[in-house]
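Structure record follows, encoded as structure tokens.
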Amino acid sequence: MNQAGMIVSVIAICACLVLALRNSQVRSMGAGKVLRLAAIWAAIIIGLVLLIQVSGFRIQP
């Protein structure tokens, strides 16, 4: 992925997180539960990225 694509991906992920955190149900949860859920999602995403990198999966245009 080129640098412009990486920047767009980071901006898109940040926008998704902002939209998710603006939800009133998330705001009514306690801070501990929100941090626990964020840690779980981070572990899932990092695990998938590592799995893809280790397996060498690449999409060729």
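Following the order of the structure tokens, first chain is A, next is B, and so on, with residues numbered from 1 inside each chain and ligands from 1 in the order they appear.
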For region 11-18 of chain A, find every residue with an atom within 12 Å (counting only C-alpha atoms), except residues of its own chain fewer than 4 positions away, and show them as a count of residues only. 12
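Between CA of Ser55 (chain A) and CA of Asn2 (chain A) there is a distance of 20.5 Å.
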Would you mind reading off the distance between CA of Ala20 (chain A) and CA of Ala43 (chain A), one decimal, in Å?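 These two atoms are separated by 17.5 Å.
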All alpha helix (DSSP H) positions in chain A, as an MDAnalysis selection string: chainID A and resid 3:21 24:28 31:55
Give me a file of those residues, with C-alpha atoms, as a PDB file, in the first residue's frame.
```pdb
ATOM      1  CA  GLN A   3       1.697   6.254   1.579  1.00  0.00           C
ATOM      2  CA  ALA A   4      -1.443   8.075   0.410  1.00  0.00           C
ATOM      3  CA  GLY A   5      -3.480   4.891   0.847  1.00  0.00           C
ATOM      4  CA  MET A   6      -2.088   4.413   4.339  1.00  0.00           C
ATOM      5  CA  ILE A   7      -3.004   7.983   5.322  1.00  0.00           C
ATOM      6  CA  VAL A   8      -6.545   7.549   3.992  1.00  0.00           C
ATOM      7  CA  SER A   9      -6.879   4.278   5.924  1.00  0.00           C
ATOM      8  CA  VAL A  10      -5.771   5.879   9.187  1.00  0.00           C
ATOM      9  CA  ILE A  11      -8.193   8.783   8.709  1.00  0.00           C
ATOM     10  CA  ALA A  12     -11.040   6.358   7.938  1.00  0.00           C
ATOM     11  CA  ILE A  13     -10.317   4.289  11.047  1.00  0.00           C
ATOM     12  CA  CYS A  14     -10.227   7.426  13.214  1.00  0.00           C
ATOM     13  CA  ALA A  15     -13.544   8.587  11.738  1.00  0.00           C
ATOM     14  CA  CYS A  16     -15.127   5.203  12.482  1.00  0.00           C
ATOM     15  CA  LEU A  17     -13.917   5.353  16.078  1.00  0.00           C
ATOM     16  CA  VAL A  18     -15.319   8.867  16.509  1.00  0.00           C
ATOM     17  CA  LEU A  19     -18.691   7.769  15.149  1.00  0.00           C
ATOM     18  CA  ALA A  20     -18.761   4.732  17.431  1.00  0.00           C
ATOM     19  CA  LEU A  21     -17.839   6.766  20.511  1.00  0.00           C
ATOM     20  CA  SER A  24     -25.219   7.476  23.441  1.00  0.00           C
ATOM     21  CA  GLN A  25     -25.149   3.828  24.543  1.00  0.00           C
ATOM     22  CA  VAL A  26     -21.350   3.878  24.593  1.00  0.00           C
ATOM     23  CA  ARG A  27     -21.319   7.106  26.574  1.00  0.00           C
ATOM     24  CA  SER A  28     -23.674   5.610  29.173  1.00  0.00           C
ATOM     25  CA  ALA A  31     -15.066   4.074  31.440  1.00  0.00           C
ATOM     26  CA  GLY A  32     -13.736   0.688  32.513  1.00  0.00           C
ATOM     27  CA  LYS A  33     -16.092  -1.210  30.244  1.00  0.00           C
ATOM     28  CA  VAL A  34     -15.326   1.069  27.293  1.00  0.00           C
ATOM     29  CA  LEU A  35     -11.575   0.577  27.812  1.00  0.00           C
ATOM     30  CA  ARG A  36     -12.057  -3.201  28.063  1.00  0.00           C
ATOM     31  CA  LEU A  37     -14.033  -3.280  24.807  1.00  0.00           C
ATOM     32  CA  ALA A  38     -11.442  -1.076  23.097  1.00  0.00           C
ATOM     33  CA  ALA A  39      -8.657  -3.408  24.260  1.00  0.00           C
ATOM     34  CA  ILE A  40     -10.545  -6.439  22.933  1.00  0.00           C
ATOM     35  CA  TRP A  41     -11.042  -4.798  19.521  1.00  0.00           C
ATOM     36  CA  ALA A  42      -7.408  -3.709  19.410  1.00  0.00           C
ATOM     37  CA  ALA A  43      -6.296  -7.284  20.149  1.00  0.00           C
ATOM     38  CA  ILE A  44      -8.561  -8.645  17.396  1.00  0.00           C
ATOM     39  CA  ILE A  45      -7.316  -6.139  14.808  1.00  0.00           C
ATOM     40  CA  ILE A  46      -3.642  -6.568  15.729  1.00  0.00           C
ATOM     41  CA  GLY A  47      -4.035 -10.346  15.687  1.00  0.00           C
ATOM     42  CA  LEU A  48      -5.560 -10.273  12.194  1.00  0.00           C
ATOM     43  CA  VAL A  49      -2.838  -7.952  10.896  1.00  0.00           C
ATOM     44  CA  LEU A  50      -0.118 -10.213  12.299  1.00  0.00           C
ATOM     45  CA  LEU A  51      -1.806 -13.301  10.847  1.00  0.00           C
ATOM     46  CA  ILE A  52      -1.981 -11.700   7.405  1.00  0.00           C
ATOM     47  CA  GLN A  53       1.652 -10.572   7.567  1.00  0.00           C
ATOM     48  CA  VAL A  54       2.928 -13.963   8.761  1.00  0.00           C
ATOM     49  CA  SER A  55       0.931 -15.854   6.126  1.00  0.00           C
TER      50      SER A  55
END
```
